[in-house]
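Listing of entry-v3.txt; format and content: compact mmCIF, C-alpha atoms and all ligand atoms.
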# COMPACT_ATOMS: atom_id res chain seq x y z
CA MET C 1 114.47 58.20 180.15
CA THR C 2 117.05 56.01 178.49
CA ASP C 3 116.41 55.50 174.78
CA SER C 4 115.96 52.03 173.31
CA ALA C 5 119.36 52.02 171.61
CA THR C 6 120.99 52.32 175.03
CA GLN C 7 118.66 49.67 176.43
CA PHE C 8 120.13 46.97 174.19
CA GLU C 9 123.59 47.70 175.58
CA TRP C 10 122.67 46.82 179.16
CA VAL C 11 123.06 43.04 178.92
CA PRO C 12 126.15 42.93 176.66
CA LYS C 13 127.98 45.48 178.82
CA ALA C 14 126.92 43.89 182.11
CA SER C 15 127.96 40.47 180.73
CA VAL C 16 131.50 41.72 180.15
CA ILE C 17 131.59 42.93 183.76
CA ALA C 18 130.14 39.67 185.12
CA ARG C 19 132.74 37.66 183.19
CA GLU C 20 135.59 39.78 184.57
CA ALA C 21 134.15 39.46 188.09
CA GLY C 22 133.79 35.70 187.62
CA ALA C 23 137.39 35.39 186.48
CA ARG C 24 138.49 37.11 189.73
CA LEU C 25 136.38 34.66 191.74
CA ARG C 26 138.06 31.74 189.96
CA GLU C 27 141.48 33.17 190.85
CA PHE C 28 140.49 33.68 194.48
CA LEU C 29 139.17 30.10 194.64
CA ALA C 30 142.44 28.75 193.26
CA GLN C 31 144.59 30.76 195.66
CA GLY C 32 142.36 30.10 198.71
CA VAL C 33 140.93 32.82 200.96
CA GLU C 34 140.27 33.22 204.66
CA THR C 35 136.71 33.22 205.88
CA GLU C 36 135.26 35.84 208.21
CA TYR C 37 131.89 35.89 209.91
CA LYS C 38 129.23 38.57 209.33
CA GLY C 39 126.94 36.71 211.72
CA ASP C 40 126.50 33.30 213.32
CA VAL C 41 127.14 31.35 210.08
CA ASP C 42 126.92 34.25 207.64
CA LEU C 43 130.29 33.98 205.91
CA VAL C 44 132.18 36.60 203.93
CA THR C 45 135.60 36.55 202.30
CA VAL C 46 137.97 39.01 200.69
CA ALA C 47 136.62 37.71 197.37
CA ASP C 48 133.09 38.98 198.10
CA ARG C 49 134.39 42.46 198.96
CA THR C 50 137.00 42.74 196.23
CA VAL C 51 134.63 41.58 193.51
CA GLU C 52 131.88 43.94 194.65
CA LYS C 53 134.40 46.81 194.43
CA LEU C 54 135.36 45.69 190.94
CA ILE C 55 131.74 45.52 189.76
CA ARG C 56 130.98 48.88 191.37
CA ALA C 57 133.91 50.52 189.56
CA ARG C 58 133.05 48.94 186.21
CA LEU C 59 129.33 49.76 186.40
CA GLY C 60 130.27 53.32 187.34
CA GLU C 61 132.44 53.58 184.22
CA VAL C 62 129.95 52.00 181.83
CA PHE C 63 126.64 53.29 183.27
CA PRO C 64 127.58 56.44 185.21
CA GLU C 65 123.92 57.43 185.46
CA HIS C 66 122.80 54.13 187.09
CA GLY C 67 122.50 53.41 190.82
CA ILE C 68 124.06 50.36 192.50
CA TYR C 69 122.79 48.36 195.49
CA GLY C 70 125.26 45.65 196.46
CA GLU C 71 125.25 42.97 199.13
CA GLU C 72 128.61 44.05 200.57
CA GLY C 73 127.39 47.58 201.27
CA THR C 74 127.48 49.55 198.02
CA ARG C 75 124.69 52.15 197.99
CA ASP C 76 125.47 54.47 195.06
CA ARG C 77 123.11 56.94 193.36
CA LEU C 78 119.94 55.28 194.68
CA ASP C 79 117.86 58.26 193.55
CA GLN C 80 118.47 57.38 189.91
CA GLU C 81 115.94 55.97 187.45
CA TYR C 82 117.93 52.74 186.97
CA ARG C 83 119.42 50.62 189.74
CA TRP C 84 121.63 47.51 189.63
CA TYR C 85 121.17 44.90 192.37
CA VAL C 86 124.54 43.18 192.68
CA ASP C 87 125.54 39.98 194.45
CA PRO C 88 129.26 39.70 193.67
CA LEU C 89 129.43 36.14 194.98
CA ASP C 90 126.22 34.19 195.46
CA GLY C 91 127.18 30.94 197.12
CA THR C 92 129.83 32.20 199.54
CA THR C 93 129.54 29.16 201.80
CA ASN C 94 130.23 26.86 198.84
CA PHE C 95 133.12 29.10 197.76
CA ALA C 96 134.62 29.16 201.27
CA HIS C 97 134.61 25.35 201.34
CA GLY C 98 136.07 25.00 197.85
CA ILE C 99 132.82 23.83 196.24
CA PRO C 100 132.69 25.14 192.66
CA HIS C 101 129.04 26.17 192.64
CA PHE C 102 128.58 29.94 192.91
CA CYS C 103 127.98 32.90 190.64
CA VAL C 104 127.91 36.64 190.04
CA SER C 105 124.38 38.08 189.89
CA MET C 106 123.34 41.47 188.49
CA GLY C 107 119.76 42.64 187.94
CA LEU C 108 118.75 46.07 186.61
CA GLU C 109 115.60 47.73 187.97
CA HIS C 110 113.78 50.61 186.27
CA ARG C 111 112.39 53.02 188.85
CA PRO C 112 110.41 55.87 187.25
CA SER C 113 110.61 59.10 189.25
CA THR C 114 106.92 58.78 190.23
CA LEU C 115 107.54 55.48 192.06
CA GLN C 116 107.14 55.43 195.86
CA PRO C 117 110.48 54.73 197.61
CA ASP C 118 109.28 51.39 199.00
CA ALA C 119 107.58 50.22 195.77
CA ASP C 120 109.23 47.80 193.36
CA GLY C 121 110.23 49.06 189.94
CA THR C 122 110.47 46.76 186.93
CA ILE C 123 113.44 44.46 186.46
CA VAL C 124 114.51 45.07 182.88
CA ALA C 125 117.85 43.29 182.47
CA ALA C 126 119.56 40.34 184.14
CA VAL C 127 122.94 38.65 184.07
CA ILE C 128 124.00 35.64 186.14
CA TYR C 129 127.43 34.14 185.49
CA ASN C 130 128.78 30.84 186.80
CA PRO C 131 132.55 31.17 186.24
CA MET C 132 133.29 27.53 187.02
CA LEU C 133 131.12 26.20 184.18
CA ASP C 134 131.46 29.33 182.04
CA GLU C 135 127.67 29.60 181.92
CA LEU C 136 126.21 33.04 181.27
CA PHE C 137 122.46 33.40 181.84
CA THR C 138 120.96 36.62 180.48
CA ALA C 139 117.57 38.23 179.92
CA GLU C 140 116.05 41.50 178.76
CA ARG C 141 112.43 42.26 179.56
CA GLY C 142 110.24 41.38 176.59
CA ARG C 143 113.10 39.86 174.60
CA GLY C 144 113.48 36.39 176.14
CA ALA C 145 116.31 34.75 178.04
CA SER C 146 119.47 32.97 176.95
CA LEU C 147 122.14 30.60 178.20
CA ASN C 148 125.48 31.34 176.53
CA GLY C 149 123.64 33.17 173.77
CA LYS C 150 121.12 30.41 172.99
CA PRO C 151 117.43 30.93 173.86
CA MET C 152 116.46 29.10 177.04
CA HIS C 153 113.09 27.90 178.30
CA VAL C 154 111.60 26.38 181.42
CA SER C 155 110.91 22.66 181.60
CA PRO C 156 107.69 21.13 180.18
CA ILE C 157 106.97 18.94 183.26
CA ARG C 158 103.40 19.35 184.55
CA ASP C 159 103.40 17.52 187.90
CA LEU C 160 105.28 18.02 191.12
CA ALA C 161 105.63 14.22 191.35
CA GLU C 162 107.92 14.33 188.29
CA SER C 163 109.80 17.46 189.33
CA LEU C 164 113.25 18.16 190.70
CA VAL C 165 112.97 21.18 192.97
CA ALA C 166 115.36 23.36 194.96
CA THR C 167 115.45 25.44 198.10
CA GLY C 168 117.86 27.13 200.47
CA PHE C 169 118.13 27.98 204.13
CA PRO C 170 119.01 31.40 205.53
CA SER C 171 122.28 32.05 207.32
CA ARG C 172 120.59 34.44 209.77
CA LYS C 173 117.86 33.63 212.33
CA ARG C 174 118.16 29.97 211.40
CA HIS C 175 116.32 28.83 214.55
CA ASP C 176 113.27 30.82 213.46
CA ASN C 177 112.88 29.24 210.03
CA PRO C 178 110.19 26.63 209.24
CA ASN C 179 111.70 25.54 205.93
CA VAL C 180 112.69 22.07 207.07
CA HIS C 181 108.96 21.17 207.13
CA PHE C 182 108.63 22.25 203.49
CA TYR C 183 111.86 20.46 202.63
CA HIS C 184 110.45 17.24 204.09
CA GLU C 185 107.07 17.52 202.40
CA PHE C 186 108.44 18.46 198.98
CA THR C 187 111.00 15.64 199.20
CA LEU C 188 108.18 13.15 199.62
CA ARG C 189 106.17 14.58 196.74
CA SER C 190 108.84 15.10 194.05
CA HIS C 191 111.96 13.55 192.54
CA GLY C 192 113.87 15.35 195.27
CA VAL C 193 114.89 18.70 196.71
CA ARG C 194 118.34 20.14 196.07
CA ARG C 195 119.96 22.57 198.48
CA ALA C 196 122.81 23.58 196.20
CA GLY C 197 123.82 26.82 197.98
CA SER C 198 123.29 29.59 195.43
CA ALA C 199 119.82 31.09 195.18
CA ALA C 200 120.69 33.00 192.01
CA LEU C 201 121.82 29.79 190.29
CA ASP C 202 118.72 27.99 191.61
CA LEU C 203 116.59 30.58 189.81
CA ALA C 204 118.74 30.37 186.68
CA TYR C 205 118.31 26.58 186.76
CA VAL C 206 114.52 26.95 186.90
CA ALA C 207 114.79 29.29 183.93
CA CYS C 208 116.84 26.86 181.83
CA GLY C 209 114.72 23.82 182.73
CA ARG C 210 117.06 21.95 185.10
CA PHE C 211 114.77 22.49 188.10
CA GLU C 212 110.99 22.66 187.86
CA ALA C 213 110.73 24.90 190.92
CA PHE C 214 112.58 26.76 193.66
CA TRP C 215 111.43 28.41 196.86
CA GLU C 216 113.15 30.13 199.75
CA PHE C 217 112.34 32.28 202.78
CA ASN C 218 114.15 35.54 203.55
CA LEU C 219 116.17 36.22 200.46
CA ASN C 220 117.35 39.73 199.57
CA PRO C 221 116.94 41.73 196.35
CA TRP C 222 120.56 41.07 195.31
CA ASP C 223 119.83 37.32 195.44
CA THR C 224 116.63 37.43 193.41
CA ALA C 225 116.53 40.48 191.09
CA ALA C 226 118.33 38.88 188.14
CA GLY C 227 116.87 35.38 188.57
CA PHE C 228 113.36 36.84 188.73
CA LEU C 229 113.65 38.18 185.19
CA LEU C 230 115.38 35.03 183.89
CA VAL C 231 112.44 32.94 185.11
CA GLU C 232 109.81 35.25 183.65
CA GLU C 233 111.55 35.62 180.31
CA SER C 234 112.03 31.84 180.02
CA GLY C 235 108.29 31.28 180.30
CA GLY C 236 108.16 30.52 184.04
CA ARG C 237 106.27 32.07 186.90
CA ILE C 238 107.48 33.71 190.09
CA SER C 239 105.31 34.74 193.02
CA ASP C 240 105.05 34.81 196.78
CA PHE C 241 103.96 31.62 198.55
CA ALA C 242 100.28 32.51 198.09
CA GLY C 243 100.63 32.99 194.34
CA GLY C 244 100.54 36.80 194.66
CA PRO C 245 103.01 39.09 192.92
CA PHE C 246 106.67 38.57 193.77
CA ARG C 247 108.20 41.60 195.45
CA LEU C 248 111.93 42.20 195.71
CA HIS C 249 111.65 42.88 199.45
CA SER C 250 108.85 40.43 200.21
CA ARG C 251 111.22 37.77 201.57
CA GLU C 252 109.21 34.94 199.98
CA VAL C 253 110.07 33.57 196.61
CA LEU C 254 108.37 30.74 194.75
CA ALA C 255 109.58 30.26 191.18
CA SER C 256 108.58 27.51 188.79
CA ASN C 257 108.17 26.49 185.19
CA GLY C 258 104.58 27.81 185.53
CA ARG C 259 103.05 24.39 184.89
CA VAL C 260 103.51 23.13 188.47
CA HIS C 261 102.93 26.53 190.08
CA ASP C 262 99.28 26.14 191.12
CA GLU C 263 100.02 22.78 192.69
CA LEU C 264 102.85 24.33 194.70
CA VAL C 265 100.80 27.33 195.83
CA GLN C 266 98.04 24.98 196.95
CA LEU C 267 100.49 22.87 198.93
CA PHE C 268 102.00 25.96 200.59
CA GLY C 269 98.48 27.09 201.55
CA GLU C 270 97.61 23.69 202.99
CA MET C 271 100.85 23.50 204.94
CA PHE C 272 100.54 27.01 206.37
CA ALA C 273 97.03 26.00 207.49
CA GLY C 274 98.51 22.98 209.28
CA ARG C 275 97.12 20.41 206.85
CA ASN C 276 98.84 17.90 204.59
CA LEU C 277 101.87 17.47 206.83
CA THR C 278 103.24 13.96 206.62
CA PRO C 279 104.45 12.90 210.07
CA ILE C 280 108.19 12.35 210.36
CA PRO C 281 109.48 9.93 213.01
CA SER C 282 111.60 11.56 215.70
CA PRO C 283 115.14 10.16 215.98
CA ARG C 284 114.08 8.51 219.22
CA GLU C 285 111.05 6.84 217.62
CA PHE C 286 113.26 5.70 214.77
CA ALA C 287 115.86 4.26 217.17
CA GLU C 288 113.18 2.48 219.18
CA ARG C 289 111.65 0.89 216.07
CA ARG C 290 115.06 -0.18 214.87
CA ALA C 291 115.96 -1.65 218.24
CA ALA C 292 112.62 -3.51 218.32
CA ARG C 293 113.64 -5.14 215.03
CA GLY C 294 116.93 -6.11 216.64
CA GLN C 295 118.91 -3.60 214.57
CA GLY C 296 121.12 -0.79 215.79
CA LEU C 297 121.40 0.70 219.26
CA LYS C 298 118.54 0.76 221.69
CA ALA C 299 117.29 4.26 222.55
CA GLU C 300 118.34 5.20 226.06
CA SER C 301 115.50 5.76 228.52
C1 LIG C 401 123.10 32.77 200.00
C2 LIG C 401 122.85 31.74 198.93
C3 LIG C 401 122.13 30.54 199.50
C4 LIG C 401 120.85 30.94 200.19
C5 LIG C 401 121.12 31.98 201.26
C6 LIG C 401 121.82 33.20 200.64
P1 LIG C 401 125.29 34.33 199.73
O1 LIG C 401 123.72 33.93 199.44
O2 LIG C 401 122.08 32.28 197.88
O3 LIG C 401 121.79 29.60 198.51
O4 LIG C 401 120.26 29.80 200.77
O5 LIG C 401 119.89 32.36 201.83
O6 LIG C 401 122.06 34.14 201.66
O7 LIG C 401 125.39 34.67 201.18
O8 LIG C 401 126.10 33.15 199.36
O9 LIG C 401 125.47 35.49 198.84
CA CA C 402 123.37 35.84 197.88
CA CA C 403 126.83 37.16 198.30
Would you put the structure from the file into structure tokens?
Ligand code: IPD
Ligand code: CA
Ligand code: CA
Amino acid sequence: MTDSATQFEWVPKASVIAREAGARLREFLAQGVETEYKGDVDLVTVADRTVEKLIRARLGEVFPEHGIYGEEGTRDRLDQEYRWYVDPLDGTTNFAHGIPHFCVSMGLEHRPSTLQPDADGTIVAAVIYNPMLDELFTAERGRGASLNGKPMHVSPIRDLAESLVATGFPSRKRHDNPNVHFYHEFTLRSHGVRRAGSAALDLAYVACGRFEAFWEFNLNPWDTAAGFLLVEESGGRISDFAGGPFRLHSREVLASNGRVHDELVQLFGEMFAGRNLTPIPSPREFAERRAARGQGLKAES
């Protein structure tokens, strides 16, 4: 077991690594990189791979006894009591298109030796760094969360109708994903839904009060581990869509400021039961109505 003196070094040391990694991402963005495809629209660049290598090397130097589980394939020392989940570049699609909204995400899980291999441990430290805004989001379990060293808290808003919320869409099995229905429904019931392209930053934004809530289907532990702790330590709540405990591998994440959480869980339940779905006109119906008003093109028969 790591003693508590060591514990308080996790975030400062990981922050130095995240800042170095972020600086590399900024350089890669400035120089421009080629995009490759991992899948249909699942993009990867030399920046993702190079920065994961950098983080792997640095974590190995600073925490030689910790495991590392990285998006780009790192699987080091996974039998250890502590494990870092690393996304070297969350927001690759933004990055590949020159959009300066992406981050480095690192979450540390404590896995006591008695834990079953498929059970979640406890996330104990988190660092998310946005190199383009120089924003460093950090948290330690039981000690609160900070943005650039200042304590941060979730927003005080109590109703979905006054909330700005966020979501994302997976880059794999896109045809099989129902999220557009939720996107539509939440758009009608809130100030709007942002699809900003970085799940880790979406969670960090819930934690610092910019978004009231965020949900997504099919994320991976490297996307959520750090943001999970940021949300909890900022006073928010994170669960599955039914309000049950959030699991790193559960592939459902619903995070909020806590105050709107029950309303969101209820809406998810209603929608999964096929209720509360506001009809949306098909493009054809829309074109026909417009044509009937003498506007726009008539739908072809
Ligand atoms: C993606 C981003 C995006 C989310 C996708 C993720 P990546 O991560 O977090 O916002 O909608 O589901 O895969 O590929 O940029 O690391
Ligand atoms: Ca990611
Ligand atoms: Ca990534």
Which residues of chain C have any atom within 8 Å of an atom in ligand CA 403 (chain C) when counting all atoms listed in the file, and what is the closest pair of atoms for each, with the distance in Å to one decimal? Order the rows by chain and rising number and write it as a Markdown table.
| residue | atom | partner | partner_atom | distance |
| --- | --- | --- | --- | --- |
| C:Val44 | CA | C:CA403 | CA | 7.8 |
| C:Asp48 | CA | C:CA403 | CA | 6.5 |
| C:Glu71 | CA | C:CA403 | CA | 6.1 |
| C:Glu72 | CA | C:CA403 | CA | 7.5 |
| C:Asp87 | CA | C:CA403 | CA | 4.9 |
| C:Pro88 | CA | C:CA403 | CA | 5.8 |
| C:Leu89 | CA | C:CA403 | CA | 4.3 |
| C:Asp90 | CA | C:CA403 | CA | 4.2 |
| C:Gly91 | CA | C:CA403 | CA | 6.3 |
| C:Thr92 | CA | C:CA403 | CA | 5.9 |
| C:Trp222 | CA | C:CA403 | CA | 8.0 |
| C:Asp223 | CA | C:CA403 | CA | 7.6 |
Kindly extract all protein, DNA and RNA residues lying within 7 Å of the coordinates (109.1, 19.5, 188.8) given in the file, considering all atoms listed in the file, and supply them as a ChimeraX atom specification. /C:157,159-165,190,211-213,260
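Among the candidates C:Ser234, C:Thr93, C:Ser105, C:Thr74, the residue lying nearest to ligand LIG 401 (chain C) is C:Thr93 (atoms considered: all atoms listed in the file).
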Find the spatial neighbours of Arg259 of chain C, counting only C-alpha atoms, within a cut-off of 10 Å - ignore same-chain residues fewer than 2 positions away - and output them as an MDAnalysis selection string. chainID C and resid 154:160 212:213 235:237 256:257 261:264
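Proximity to ligand CA 402 (chain C) was assessed for C:Ser146, C:Thr6, C:Ser171, C:Gln80 counting all atoms listed in the file; the smallest distance is recorded for C:Ser171.
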Give me, as a CSV table (one decimal) with C-alpha atoms, in the coordinates of the input, all polymer residues having an atom no more than 12 Å from Arg75 of chain C, counting all atoms listed in the file and skipping those fewer than 3 positions away in the same chain.
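Just written: part-v9.csv:
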chain,number,residue,atom,x,y,z
C,52,GLU,CA,131.9,43.9,194.6
C,53,LYS,CA,134.4,46.8,194.4
C,56,ARG,CA,131.0,48.9,191.4
C,66,HIS,CA,122.8,54.1,187.1
C,67,GLY,CA,122.5,53.4,190.8
C,68,ILE,CA,124.1,50.4,192.5
C,69,TYR,CA,122.8,48.4,195.5
C,70,GLY,CA,125.3,45.6,196.5
C,71,GLU,CA,125.2,43.0,199.1
C,72,GLU,CA,128.6,44.0,200.6
C,78,LEU,CA,119.9,55.3,194.7
C,79,ASP,CA,117.9,58.3,193.6
C,80,GLN,CA,118.5,57.4,189.9
C,83,ARG,CA,119.4,50.6,189.7
C,84,TRP,CA,121.6,47.5,189.6
C,85,TYR,CA,121.2,44.9,192.4
C,86,VAL,CA,124.5,43.2,192.7
Would you give the centre and edge lengths, in Å to one decimal, of a box along x, y and z around the listed atoms of segment 249-266 of chain C, with 6 Å added to each side, as JSON?
{"center_x": 104.8, "center_y": 32.8, "center_z": 193.2, "size_x": 25.6, "size_y": 32.1, "size_z": 28.7}
Give me the residues within 12 Å of Phe246 of chain C as a PyMOL selection string, counting all atoms listed in the file and dropping any in the same chain fewer than 3 places off. chain C and resi 119-123+215+219+221+224-225+227-229+231-232+237-243+249-255
Residue nearest ligand LIG 401 (chain C) - candidates C:Asn94, C:Thr114, C:Thr187, C:Ser198, atoms counted: all atoms listed in the file: C:Ser198
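Using only C-alpha atoms and all ligand atoms, the nearest neighbour of ligand LIG 401 (chain C) within the list C:Ala200, C:Ala21, C:Leu230, C:Val51 is C:Ala200.
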